[in-house]
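Student: Have a peek at input.txt (compact mmCIF, N, CA and C atoms).
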# COMPACT_ATOMS: atom_id res chain seq x y z
N SER A 1 70.01 105.08 97.24
CA SER A 1 69.91 105.79 95.99
C SER A 1 70.25 104.84 94.84
N GLN A 2 70.45 105.39 93.66
CA GLN A 2 70.68 104.60 92.45
C GLN A 2 71.97 103.79 92.55
N ARG A 3 73.03 104.38 93.07
CA ARG A 3 74.31 103.66 93.15
C ARG A 3 74.21 102.44 94.05
N TYR A 4 73.52 102.58 95.17
CA TYR A 4 73.40 101.45 96.09
C TYR A 4 72.54 100.34 95.48
N ALA A 5 71.55 100.72 94.68
CA ALA A 5 70.73 99.71 94.00
C ALA A 5 71.58 98.92 93.01
N GLU A 6 72.47 99.61 92.31
CA GLU A 6 73.36 98.93 91.36
C GLU A 6 74.31 97.99 92.09
N LEU A 7 74.85 98.42 93.25
CA LEU A 7 75.75 97.56 94.00
C LEU A 7 75.02 96.34 94.56
N ARG A 8 73.76 96.52 94.99
CA ARG A 8 73.00 95.38 95.48
C ARG A 8 72.76 94.38 94.36
N GLU A 9 72.49 94.89 93.16
CA GLU A 9 72.27 94.01 92.01
C GLU A 9 73.54 93.23 91.69
N ILE A 10 74.69 93.88 91.77
CA ILE A 10 75.95 93.20 91.49
C ILE A 10 76.28 92.20 92.60
N SER A 11 75.92 92.52 93.85
CA SER A 11 76.24 91.59 94.94
C SER A 11 75.45 90.29 94.80
N ASP A 12 74.38 90.28 94.03
CA ASP A 12 73.63 89.05 93.77
C ASP A 12 74.36 88.16 92.76
N MET A 13 75.31 88.72 92.02
CA MET A 13 76.09 87.94 91.06
C MET A 13 77.07 87.06 91.83
N PRO A 14 77.40 85.89 91.29
CA PRO A 14 78.36 85.04 91.99
C PRO A 14 79.79 85.58 91.94
N TYR A 15 80.06 86.50 91.00
CA TYR A 15 81.41 87.03 90.89
C TYR A 15 81.37 88.48 90.41
N HIS A 16 82.42 89.23 90.75
CA HIS A 16 82.61 90.59 90.26
C HIS A 16 84.07 90.98 90.45
N CYS A 17 84.47 92.07 89.80
CA CYS A 17 85.87 92.49 89.76
C CYS A 17 85.94 94.00 89.98
N PHE A 18 86.87 94.44 90.80
CA PHE A 18 87.12 95.87 91.02
C PHE A 18 88.46 96.24 90.39
N SER A 19 88.52 97.40 89.76
CA SER A 19 89.73 97.87 89.11
C SER A 19 90.05 99.28 89.57
N ASP A 20 91.34 99.58 89.71
CA ASP A 20 91.74 100.93 90.10
C ASP A 20 93.17 101.19 89.63
N ALA A 21 93.54 102.45 89.56
CA ALA A 21 94.89 102.84 89.17
C ALA A 21 95.33 104.04 89.99
N ASN A 22 96.62 104.12 90.25
CA ASN A 22 97.23 105.25 90.92
C ASN A 22 98.07 105.98 89.87
N PHE A 23 97.65 107.17 89.50
CA PHE A 23 98.29 107.90 88.40
C PHE A 23 99.61 108.53 88.84
N ALA A 24 100.67 108.28 88.09
CA ALA A 24 101.98 108.94 88.22
C ALA A 24 102.48 108.95 89.66
N ASP A 25 102.81 107.79 90.15
CA ASP A 25 103.31 107.64 91.52
C ASP A 25 104.63 108.40 91.68
N ILE A 26 104.69 109.32 92.63
CA ILE A 26 105.88 110.16 92.77
C ILE A 26 107.07 109.39 93.33
N THR A 27 106.84 108.20 93.89
CA THR A 27 107.98 107.41 94.39
C THR A 27 108.72 106.71 93.27
N ASP A 28 108.14 106.66 92.06
CA ASP A 28 108.79 106.06 90.91
C ASP A 28 109.53 107.16 90.13
N PRO A 29 110.81 107.00 89.87
CA PRO A 29 111.55 108.05 89.15
C PRO A 29 110.99 108.34 87.76
N ARG A 30 110.37 107.33 87.12
CA ARG A 30 109.82 107.54 85.78
C ARG A 30 108.34 107.93 85.82
N LEU A 31 107.80 108.13 87.03
CA LEU A 31 106.40 108.55 87.22
C LEU A 31 105.40 107.60 86.56
N ARG A 32 105.65 106.32 86.67
CA ARG A 32 104.72 105.35 86.11
C ARG A 32 103.55 105.15 87.08
N SER A 33 102.41 104.82 86.53
CA SER A 33 101.22 104.58 87.32
C SER A 33 101.20 103.13 87.81
N THR A 34 100.37 102.86 88.79
CA THR A 34 100.21 101.51 89.32
C THR A 34 98.79 101.04 89.03
N SER A 35 98.67 99.83 88.46
CA SER A 35 97.37 99.23 88.18
C SER A 35 97.07 98.17 89.22
N GLY A 36 95.79 97.95 89.46
CA GLY A 36 95.42 96.89 90.37
C GLY A 36 93.99 96.46 90.15
N TYR A 37 93.71 95.20 90.49
CA TYR A 37 92.34 94.71 90.45
C TYR A 37 92.16 93.61 91.49
N CYS A 38 90.93 93.41 91.90
CA CYS A 38 90.55 92.35 92.84
C CYS A 38 89.37 91.61 92.24
N VAL A 39 89.39 90.29 92.32
CA VAL A 39 88.29 89.47 91.81
C VAL A 39 87.66 88.72 92.99
N TYR A 40 86.35 88.85 93.10
CA TYR A 40 85.61 88.20 94.17
C TYR A 40 84.66 87.16 93.59
N VAL A 41 84.61 86.00 94.23
CA VAL A 41 83.65 84.95 93.88
C VAL A 41 82.88 84.64 95.15
N PHE A 42 81.57 84.79 95.10
CA PHE A 42 80.69 84.59 96.26
C PHE A 42 81.17 85.38 97.47
N GLY A 43 81.63 86.61 97.23
CA GLY A 43 82.03 87.50 98.30
C GLY A 43 83.43 87.25 98.86
N SER A 44 84.15 86.28 98.34
CA SER A 44 85.50 85.99 98.82
C SER A 44 86.52 86.39 97.76
N LEU A 45 87.60 86.99 98.21
CA LEU A 45 88.67 87.39 97.30
C LEU A 45 89.38 86.15 96.80
N VAL A 46 89.41 85.97 95.47
CA VAL A 46 90.07 84.79 94.89
C VAL A 46 91.28 85.17 94.05
N ALA A 47 91.37 86.40 93.61
CA ALA A 47 92.52 86.83 92.81
C ALA A 47 92.71 88.33 92.97
N TRP A 48 93.94 88.75 92.97
CA TRP A 48 94.26 90.18 92.97
C TRP A 48 95.59 90.36 92.26
N HIS A 49 95.80 91.58 91.80
CA HIS A 49 97.01 91.88 91.05
C HIS A 49 97.31 93.36 91.21
N SER A 50 98.55 93.68 91.47
CA SER A 50 98.99 95.07 91.56
C SER A 50 100.37 95.15 90.93
N LYS A 51 100.53 96.08 90.00
CA LYS A 51 101.80 96.16 89.28
C LYS A 51 101.97 97.56 88.69
N ARG A 52 103.20 97.98 88.59
CA ARG A 52 103.49 99.24 87.89
C ARG A 52 103.21 99.04 86.42
N GLN A 53 102.64 100.05 85.81
CA GLN A 53 102.37 99.97 84.38
C GLN A 53 103.69 100.09 83.62
N THR A 54 103.76 99.42 82.47
CA THR A 54 105.00 99.41 81.70
C THR A 54 105.22 100.71 80.94
N VAL A 55 104.16 101.45 80.69
CA VAL A 55 104.28 102.73 79.99
C VAL A 55 103.89 103.85 80.94
N THR A 56 104.42 105.03 80.68
CA THR A 56 104.06 106.18 81.49
C THR A 56 102.77 106.78 80.94
N ALA A 57 101.72 106.77 81.75
CA ALA A 57 100.43 107.30 81.32
C ALA A 57 100.48 108.83 81.31
N LYS A 58 99.82 109.41 80.31
CA LYS A 58 99.81 110.86 80.20
C LYS A 58 98.64 111.48 80.95
N SER A 59 97.69 110.65 81.39
CA SER A 59 96.52 111.17 82.09
C SER A 59 95.95 110.10 83.00
N THR A 60 95.11 110.53 83.92
CA THR A 60 94.42 109.59 84.79
C THR A 60 93.54 108.66 83.97
N LEU A 61 92.93 109.19 82.93
CA LEU A 61 92.09 108.38 82.05
C LEU A 61 92.89 107.22 81.46
N GLU A 62 94.07 107.50 80.95
CA GLU A 62 94.89 106.44 80.35
C GLU A 62 95.30 105.40 81.39
N ALA A 63 95.67 105.86 82.59
CA ALA A 63 96.06 104.93 83.65
C ALA A 63 94.90 104.03 84.05
N GLU A 64 93.70 104.62 84.17
CA GLU A 64 92.52 103.83 84.55
C GLU A 64 92.12 102.86 83.44
N LEU A 65 92.23 103.28 82.18
CA LEU A 65 91.89 102.37 81.08
C LEU A 65 92.85 101.19 81.02
N THR A 66 94.13 101.43 81.29
CA THR A 66 95.10 100.35 81.30
C THR A 66 94.79 99.36 82.42
N ALA A 67 94.43 99.87 83.60
CA ALA A 67 94.08 99.00 84.72
C ALA A 67 92.80 98.23 84.42
N THR A 68 91.83 98.89 83.81
CA THR A 68 90.56 98.25 83.47
C THR A 68 90.77 97.15 82.44
N CYS A 69 91.67 97.37 81.51
CA CYS A 69 91.96 96.36 80.49
C CYS A 69 92.55 95.11 81.12
N CYS A 70 93.46 95.27 82.08
CA CYS A 70 94.03 94.11 82.78
C CYS A 70 92.95 93.38 83.57
N ALA A 71 92.07 94.14 84.22
CA ALA A 71 90.98 93.52 84.99
C ALA A 71 90.00 92.81 84.06
N ALA A 72 89.74 93.37 82.89
CA ALA A 72 88.83 92.74 81.94
C ALA A 72 89.41 91.42 81.42
N ASP A 73 90.72 91.36 81.22
CA ASP A 73 91.35 90.10 80.82
C ASP A 73 91.09 89.01 81.87
N GLU A 74 91.25 89.37 83.14
CA GLU A 74 91.01 88.41 84.22
C GLU A 74 89.52 88.04 84.29
N ALA A 75 88.65 89.02 84.06
CA ALA A 75 87.21 88.75 84.09
C ALA A 75 86.79 87.80 82.98
N VAL A 76 87.37 87.96 81.80
CA VAL A 76 87.07 87.04 80.70
C VAL A 76 87.55 85.63 81.03
N TRP A 77 88.73 85.54 81.64
CA TRP A 77 89.23 84.21 82.03
C TRP A 77 88.27 83.56 83.04
N LEU A 78 87.79 84.36 84.02
CA LEU A 78 86.88 83.82 85.03
C LEU A 78 85.56 83.37 84.42
N GLN A 79 85.05 84.14 83.45
CA GLN A 79 83.81 83.74 82.79
C GLN A 79 84.00 82.42 82.03
N ARG A 80 85.12 82.29 81.35
CA ARG A 80 85.39 81.04 80.62
C ARG A 80 85.59 79.87 81.58
N PHE A 81 86.18 80.14 82.74
CA PHE A 81 86.32 79.10 83.76
C PHE A 81 84.94 78.70 84.28
N ALA A 82 84.06 79.68 84.46
CA ALA A 82 82.69 79.38 84.91
C ALA A 82 81.95 78.54 83.87
N CYS A 83 82.26 78.70 82.60
CA CYS A 83 81.67 77.86 81.56
C CYS A 83 82.18 76.43 81.66
N THR A 84 83.43 76.28 82.10
CA THR A 84 84.03 74.96 82.20
C THR A 84 83.45 74.17 83.37
N VAL A 85 83.23 74.83 84.49
CA VAL A 85 82.66 74.17 85.68
C VAL A 85 81.43 74.97 86.15
N PRO A 86 80.35 74.98 85.37
CA PRO A 86 79.20 75.83 85.70
C PRO A 86 78.49 75.44 86.98
N PHE A 87 78.59 74.18 87.40
CA PHE A 87 77.90 73.75 88.61
C PHE A 87 78.47 74.42 89.86
N LEU A 88 79.74 74.83 89.82
CA LEU A 88 80.34 75.52 90.96
C LEU A 88 79.75 76.91 91.16
N PHE A 89 79.32 77.54 90.08
CA PHE A 89 78.80 78.89 90.13
C PHE A 89 77.27 78.93 90.11
N GLY A 90 76.63 77.78 90.06
CA GLY A 90 75.18 77.73 90.06
C GLY A 90 74.55 78.03 88.70
N PHE A 91 75.31 77.86 87.63
CA PHE A 91 74.79 78.14 86.29
C PHE A 91 74.23 76.90 85.60
N GLN A 92 74.38 75.74 86.22
CA GLN A 92 73.89 74.50 85.60
C GLN A 92 73.05 73.75 86.62
N GLN A 93 71.85 73.41 86.21
CA GLN A 93 70.96 72.62 87.05
C GLN A 93 71.35 71.14 86.91
N PRO A 94 71.12 70.34 87.94
CA PRO A 94 71.45 68.92 87.84
C PRO A 94 70.71 68.26 86.68
N GLY A 95 71.45 67.52 85.90
CA GLY A 95 70.88 66.81 84.76
C GLY A 95 70.74 67.63 83.50
N ALA A 96 70.98 68.94 83.58
CA ALA A 96 70.86 69.81 82.40
C ALA A 96 72.18 69.82 81.64
N PRO A 97 72.12 70.09 80.34
CA PRO A 97 73.39 70.19 79.59
C PRO A 97 74.17 71.43 80.03
N PRO A 98 75.48 71.41 79.88
CA PRO A 98 76.28 72.58 80.28
C PRO A 98 75.92 73.81 79.43
N PRO A 99 75.93 74.99 80.04
CA PRO A 99 75.59 76.21 79.30
C PRO A 99 76.71 76.62 78.35
N SER A 100 76.33 77.35 77.31
CA SER A 100 77.34 77.89 76.40
C SER A 100 77.94 79.16 77.02
N GLU A 101 78.98 79.67 76.39
CA GLU A 101 79.63 80.87 76.93
C GLU A 101 78.69 82.07 76.93
N ARG A 102 77.78 82.11 75.99
CA ARG A 102 76.83 83.23 75.93
C ARG A 102 75.77 83.14 77.02
N GLU A 103 75.52 81.96 77.55
CA GLU A 103 74.51 81.79 78.58
C GLU A 103 75.05 82.10 79.98
N VAL A 104 76.36 82.13 80.14
CA VAL A 104 76.96 82.47 81.42
C VAL A 104 77.14 83.99 81.44
N PRO A 105 76.62 84.67 82.48
CA PRO A 105 76.71 86.13 82.50
C PRO A 105 78.15 86.62 82.59
N PRO A 106 78.44 87.77 81.99
CA PRO A 106 79.79 88.32 82.07
C PRO A 106 80.12 88.77 83.49
N VAL A 107 81.39 88.86 83.78
CA VAL A 107 81.85 89.31 85.10
C VAL A 107 81.81 90.84 85.10
N PRO A 108 81.06 91.45 86.00
CA PRO A 108 81.05 92.92 86.05
C PRO A 108 82.41 93.45 86.53
N VAL A 109 82.95 94.41 85.79
CA VAL A 109 84.21 95.06 86.18
C VAL A 109 83.84 96.47 86.65
N LEU A 110 84.08 96.74 87.91
CA LEU A 110 83.71 98.02 88.51
C LEU A 110 84.91 98.96 88.49
N VAL A 111 84.70 100.16 87.96
CA VAL A 111 85.75 101.16 87.82
C VAL A 111 85.27 102.43 88.51
N ASP A 112 86.17 103.14 89.18
CA ASP A 112 85.78 104.33 89.95
C ASP A 112 86.03 105.64 89.21
N ASN A 113 86.30 105.59 87.92
CA ASN A 113 86.60 106.79 87.16
C ASN A 113 85.59 106.94 86.03
N LEU A 114 84.73 107.94 86.13
CA LEU A 114 83.65 108.12 85.15
C LEU A 114 84.16 108.33 83.72
N PRO A 115 85.18 109.18 83.48
CA PRO A 115 85.68 109.30 82.10
C PRO A 115 86.21 107.99 81.53
N ALA A 116 86.83 107.16 82.38
CA ALA A 116 87.32 105.86 81.91
C ALA A 116 86.16 104.95 81.53
N ILE A 117 85.10 104.98 82.31
CA ILE A 117 83.91 104.18 81.99
C ILE A 117 83.30 104.63 80.67
N GLN A 118 83.16 105.94 80.51
CA GLN A 118 82.57 106.47 79.28
C GLN A 118 83.45 106.17 78.07
N THR A 119 84.74 106.29 78.21
CA THR A 119 85.65 106.03 77.10
C THR A 119 85.66 104.54 76.75
N ALA A 120 85.63 103.68 77.77
CA ALA A 120 85.62 102.24 77.52
C ALA A 120 84.33 101.81 76.82
N ASN A 121 83.22 102.44 77.18
CA ASN A 121 81.93 102.09 76.56
C ASN A 121 81.77 102.66 75.17
N HIS A 122 82.34 103.82 74.91
CA HIS A 122 82.19 104.49 73.62
C HIS A 122 83.55 105.01 73.16
N PRO A 123 84.45 104.12 72.74
CA PRO A 123 85.78 104.61 72.33
C PRO A 123 85.70 105.40 71.03
N ARG A 124 86.25 106.57 71.08
CA ARG A 124 86.35 107.38 69.86
C ARG A 124 87.66 108.15 69.96
N VAL A 125 88.26 108.37 68.86
CA VAL A 125 89.54 109.04 68.84
C VAL A 125 89.30 110.54 68.73
N THR A 126 89.76 111.25 69.74
CA THR A 126 89.70 112.71 69.73
C THR A 126 91.11 113.22 70.00
N GLY A 127 91.27 114.49 70.05
CA GLY A 127 92.58 115.07 70.33
C GLY A 127 93.11 114.65 71.69
N ASN A 128 92.20 114.40 72.64
CA ASN A 128 92.63 114.03 73.99
C ASN A 128 92.90 112.54 74.16
N THR A 129 92.38 111.72 73.25
CA THR A 129 92.52 110.26 73.43
C THR A 129 93.30 109.59 72.31
N LYS A 130 93.83 110.34 71.36
CA LYS A 130 94.50 109.70 70.23
C LYS A 130 95.80 109.01 70.62
N HIS A 131 96.39 109.38 71.75
CA HIS A 131 97.65 108.77 72.20
C HIS A 131 97.42 107.46 72.95
N ILE A 132 96.18 107.15 73.32
CA ILE A 132 95.90 105.94 74.08
C ILE A 132 95.95 104.75 73.14
N ALA A 133 96.68 103.73 73.54
CA ALA A 133 96.90 102.57 72.69
C ALA A 133 95.61 101.79 72.46
N LEU A 134 95.53 101.15 71.32
CA LEU A 134 94.35 100.36 70.99
C LEU A 134 94.14 99.21 71.97
N ARG A 135 95.20 98.73 72.60
CA ARG A 135 95.06 97.63 73.55
C ARG A 135 94.16 98.02 74.72
N ASP A 136 94.09 99.31 75.04
CA ASP A 136 93.25 99.76 76.14
C ASP A 136 91.79 99.88 75.76
N PHE A 137 91.49 99.83 74.47
CA PHE A 137 90.10 99.93 74.03
C PHE A 137 89.44 98.55 73.85
N ARG A 138 90.19 97.47 74.03
CA ARG A 138 89.60 96.15 73.82
C ARG A 138 88.64 95.76 74.94
N THR A 139 88.59 96.55 76.02
CA THR A 139 87.66 96.28 77.11
C THR A 139 86.23 96.21 76.61
N ARG A 140 85.90 97.05 75.67
CA ARG A 140 84.54 97.09 75.14
C ARG A 140 84.18 95.83 74.38
N ASP A 141 85.19 95.17 73.79
CA ASP A 141 84.93 93.95 73.01
C ASP A 141 84.49 92.80 73.88
N TYR A 142 84.83 92.83 75.17
CA TYR A 142 84.46 91.74 76.06
C TYR A 142 83.02 91.91 76.45
Now, as a test, write the supplied structure out as structure tokens.

Tutor:
Amino acid sequence: SQRYAELREISDMPYHCFSDANFADITDPRLRSTSGYCVYVFGSLVAWHSKRQTVTAKSTLEAELTATCCAADEAVWLQRFACTVPFLFGFQQPGAPPPSEREVPPVPVLVDNLPAIQTANHPRVTGNTKHIALRDFRTRDY
């Protein structure tokens, strides 16, 4: 179906990133959420991160946006690294000049929460999202 076609298209990329969050973990006395992401290059795990969020999220949407923002930071770093050594990722042909940052494709960040995807793509302040910090909306800028 459509989802599998999208995953096949992403698997052709040399790199991709998965992001997820666990909302309000009951084992934490302050009910903080846990963020995590995994970064794959050519199908191999090269980086991962899992950490309790510093703020208590008021919704699953906020927890997922915070996790996505951390993953997007790592994805931007990986894209800039790929610009530095493009021959490792297959972005530079032998004898060709190195590509600019705009010529290297962005790292896809995969998120499993549809409201978080929609909010990250189209941030707007409503009654339900006005408490979410601006730092969580910078994902769209990448």

Student: Measure the distance from atom C of A:Gln53 to atom N of A:Asp20 in Å and round it to one decimal.

Tutor: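 Computing it gives 13.8 Å between the two atoms.
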
Student: Restricting the calculation to only C-alpha atoms: of A:Cys83, A:Leu61, A:Met13, A:Leu45, which residue gets closest to A:Asp112?

Tutor: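 That would be A:Leu61, the residue with the smallest distance to A:Asp112.
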
Student: Could you check which residues have any atom within 7 Å of (82.3, 93.1, 95.0), counting only C-alpha atoms with coordinates taken straight from the file, and then list them as a PyMOL selection string?

Tutor: chain A and resi 11+16-18+40+43

Student: Restricted to N, CA and C atoms, what would the selected residues look like written as a tab-separated table (two decimals), keeping the file's coordinate frame?

Tutor:
chain	number	residue	atom	x	y	z
A	11	SER	N	75.92	92.52	93.85
A	11	SER	CA	76.24	91.59	94.94
A	11	SER	C	75.45	90.29	94.80
A	16	HIS	N	82.42	89.23	90.75
A	16	HIS	CA	82.61	90.59	90.26
A	16	HIS	C	84.07	90.98	90.45
A	17	CYS	N	84.47	92.07	89.80
A	17	CYS	CA	85.87	92.49	89.76
A	17	CYS	C	85.94	94.00	89.98
A	18	PHE	N	86.87	94.44	90.80
A	18	PHE	CA	87.12	95.87	91.02
A	18	PHE	C	88.46	96.24	90.39
A	40	TYR	N	86.35	88.85	93.10
A	40	TYR	CA	85.61	88.20	94.17
A	40	TYR	C	84.66	87.16	93.59
A	43	GLY	N	81.63	86.61	97.23
A	43	GLY	CA	82.03	87.50	98.30
A	43	GLY	C	83.43	87.25	98.86

Student: Which value, in Å to one decimal, gives the distance between atom CA of A:Thr68 and atom C of A:Phe89?

Tutor: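 The value is 24.4 Å.
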
Student: One decimal, Å: what's the distance from atom CA of A:Leu78 over to atom CA of A:Thr66, could you say?

Tutor: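 Computing the Euclidean distance for atom CA of A:Leu78 and atom CA of A:Thr66 yields 18.8 Å.
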
Student: Given the choices A:Val109, A:Pro115, A:His122, A:Phe42, which gets closest to A:Ala75 if the distance is worked out from all atoms listed in the file?

Tutor: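 Going through A:Val109, A:Pro115, A:His122, A:Phe42 one by one, the smallest distance to A:Ala75 is for A:Val109.
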
Student: Determine which residues of stretch 9-121 of chain A DSSP labels as alpha helix (DSSP H) from the backbone of this structure, then write them out as a ChimeraX atom specification.

Tutor: /A:9-11,60-84,86-89,114-121

Student: Please write the residues from the selection above to a file, keeping N, CA and C atoms, as a compact mmCIF listing (two decimals), in the frame of the given file.

Tutor:
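In the end it all went to part_4.txt:
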# COMPACT_ATOMS: atom_id res chain seq x y z
N GLU A 9 72.49 94.89 93.16
CA GLU A 9 72.27 94.01 92.01
C GLU A 9 73.54 93.23 91.69
N ILE A 10 74.69 93.88 91.77
CA ILE A 10 75.95 93.20 91.49
C ILE A 10 76.28 92.20 92.60
N SER A 11 75.92 92.52 93.85
CA SER A 11 76.24 91.59 94.94
C SER A 11 75.45 90.29 94.80
N THR A 60 95.11 110.53 83.92
CA THR A 60 94.42 109.59 84.79
C THR A 60 93.54 108.66 83.97
N LEU A 61 92.93 109.19 82.93
CA LEU A 61 92.09 108.38 82.05
C LEU A 61 92.89 107.22 81.46
N GLU A 62 94.07 107.50 80.95
CA GLU A 62 94.89 106.44 80.35
C GLU A 62 95.30 105.40 81.39
N ALA A 63 95.67 105.86 82.59
CA ALA A 63 96.06 104.93 83.65
C ALA A 63 94.90 104.03 84.05
N GLU A 64 93.70 104.62 84.17
CA GLU A 64 92.52 103.83 84.55
C GLU A 64 92.12 102.86 83.44
N LEU A 65 92.23 103.28 82.18
CA LEU A 65 91.89 102.37 81.08
C LEU A 65 92.85 101.19 81.02
N THR A 66 94.13 101.43 81.29
CA THR A 66 95.10 100.35 81.30
C THR A 66 94.79 99.36 82.42
N ALA A 67 94.43 99.87 83.60
CA ALA A 67 94.08 99.00 84.72
C ALA A 67 92.80 98.23 84.42
N THR A 68 91.83 98.89 83.81
CA THR A 68 90.56 98.25 83.47
C THR A 68 90.77 97.15 82.44
N CYS A 69 91.67 97.37 81.51
CA CYS A 69 91.96 96.36 80.49
C CYS A 69 92.55 95.11 81.12
N CYS A 70 93.46 95.27 82.08
CA CYS A 70 94.03 94.11 82.78
C CYS A 70 92.95 93.38 83.57
N ALA A 71 92.07 94.14 84.22
CA ALA A 71 90.98 93.52 84.99
C ALA A 71 90.00 92.81 84.06
N ALA A 72 89.74 93.37 82.89
CA ALA A 72 88.83 92.74 81.94
C ALA A 72 89.41 91.42 81.42
N ASP A 73 90.72 91.36 81.22
CA ASP A 73 91.35 90.10 80.82
C ASP A 73 91.09 89.01 81.87
N GLU A 74 91.25 89.37 83.14
CA GLU A 74 91.01 88.41 84.22
C GLU A 74 89.52 88.04 84.29
N ALA A 75 88.65 89.02 84.06
CA ALA A 75 87.21 88.75 84.09
C ALA A 75 86.79 87.80 82.98
N VAL A 76 87.37 87.96 81.80
CA VAL A 76 87.07 87.04 80.70
C VAL A 76 87.55 85.63 81.03
N TRP A 77 88.73 85.54 81.64
CA TRP A 77 89.23 84.21 82.03
C TRP A 77 88.27 83.56 83.04
N LEU A 78 87.79 84.36 84.02
CA LEU A 78 86.88 83.82 85.03
C LEU A 78 85.56 83.37 84.42
N GLN A 79 85.05 84.14 83.45
CA GLN A 79 83.81 83.74 82.79
C GLN A 79 84.00 82.42 82.03
N ARG A 80 85.12 82.29 81.35
CA ARG A 80 85.39 81.04 80.62
C ARG A 80 85.59 79.87 81.58
N PHE A 81 86.18 80.14 82.74
CA PHE A 81 86.32 79.10 83.76
C PHE A 81 84.94 78.70 84.28
N ALA A 82 84.06 79.68 84.46
CA ALA A 82 82.69 79.38 84.91
C ALA A 82 81.95 78.54 83.87
N CYS A 83 82.26 78.70 82.60
CA CYS A 83 81.67 77.86 81.56
C CYS A 83 82.18 76.43 81.66
N THR A 84 83.43 76.28 82.10
CA THR A 84 84.03 74.96 82.20
C THR A 84 83.45 74.17 83.37
N PRO A 86 80.35 74.98 85.37
CA PRO A 86 79.20 75.83 85.70
C PRO A 86 78.49 75.44 86.98
N PHE A 87 78.59 74.18 87.40
CA PHE A 87 77.90 73.75 88.61
C PHE A 87 78.47 74.42 89.86
N LEU A 88 79.74 74.83 89.82
CA LEU A 88 80.34 75.52 90.96
C LEU A 88 79.75 76.91 91.16
N PHE A 89 79.32 77.54 90.08
CA PHE A 89 78.80 78.89 90.13
C PHE A 89 77.27 78.93 90.11
N LEU A 114 84.73 107.94 86.13
CA LEU A 114 83.65 108.12 85.15
C LEU A 114 84.16 108.33 83.72
N PRO A 115 85.18 109.18 83.48
CA PRO A 115 85.68 109.30 82.10
C PRO A 115 86.21 107.99 81.53
N ALA A 116 86.83 107.16 82.38
CA ALA A 116 87.32 105.86 81.91
C ALA A 116 86.16 104.95 81.53
N ILE A 117 85.10 104.98 82.31
CA ILE A 117 83.91 104.18 81.99
C ILE A 117 83.30 104.63 80.67
N GLN A 118 83.16 105.94 80.51
CA GLN A 118 82.57 106.47 79.28
C GLN A 118 83.45 106.17 78.07
N THR A 119 84.74 106.29 78.21
CA THR A 119 85.65 106.03 77.10
C THR A 119 85.66 104.54 76.75
N ALA A 120 85.63 103.68 77.77
CA ALA A 120 85.62 102.24 77.52
C ALA A 120 84.33 101.81 76.82
N ASN A 121 83.22 102.44 77.18
CA ASN A 121 81.93 102.09 76.56
C ASN A 121 81.77 102.66 75.17

Student: A:Val76: which residues within 9 Å, counting only C-alpha atoms, same-chain residues fewer than 5 positions away excluded, as a list in words?

Tutor: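 My reading of the contact set: Ala71, Phe81, Pro106, Val107 and Tyr142 of chain A.
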
Student: From a DSSP calculation on the backbone, collect every residue of stretch 6-91 of chain A in strand (DSSP E) and output the set as a PyMOL selection string.

Tutor: chain A and resi 15-22+34-41+44-52

Student: Point out the residue among A:Arg32, A:Thr84, A:Gly95, A:Ala21 with the least atom-to-atom distance to A:Thr56, counting only N, CA and C atoms.

Tutor: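 Residue with the minimum atom-to-atom distance to A:Thr56: A:Arg32.
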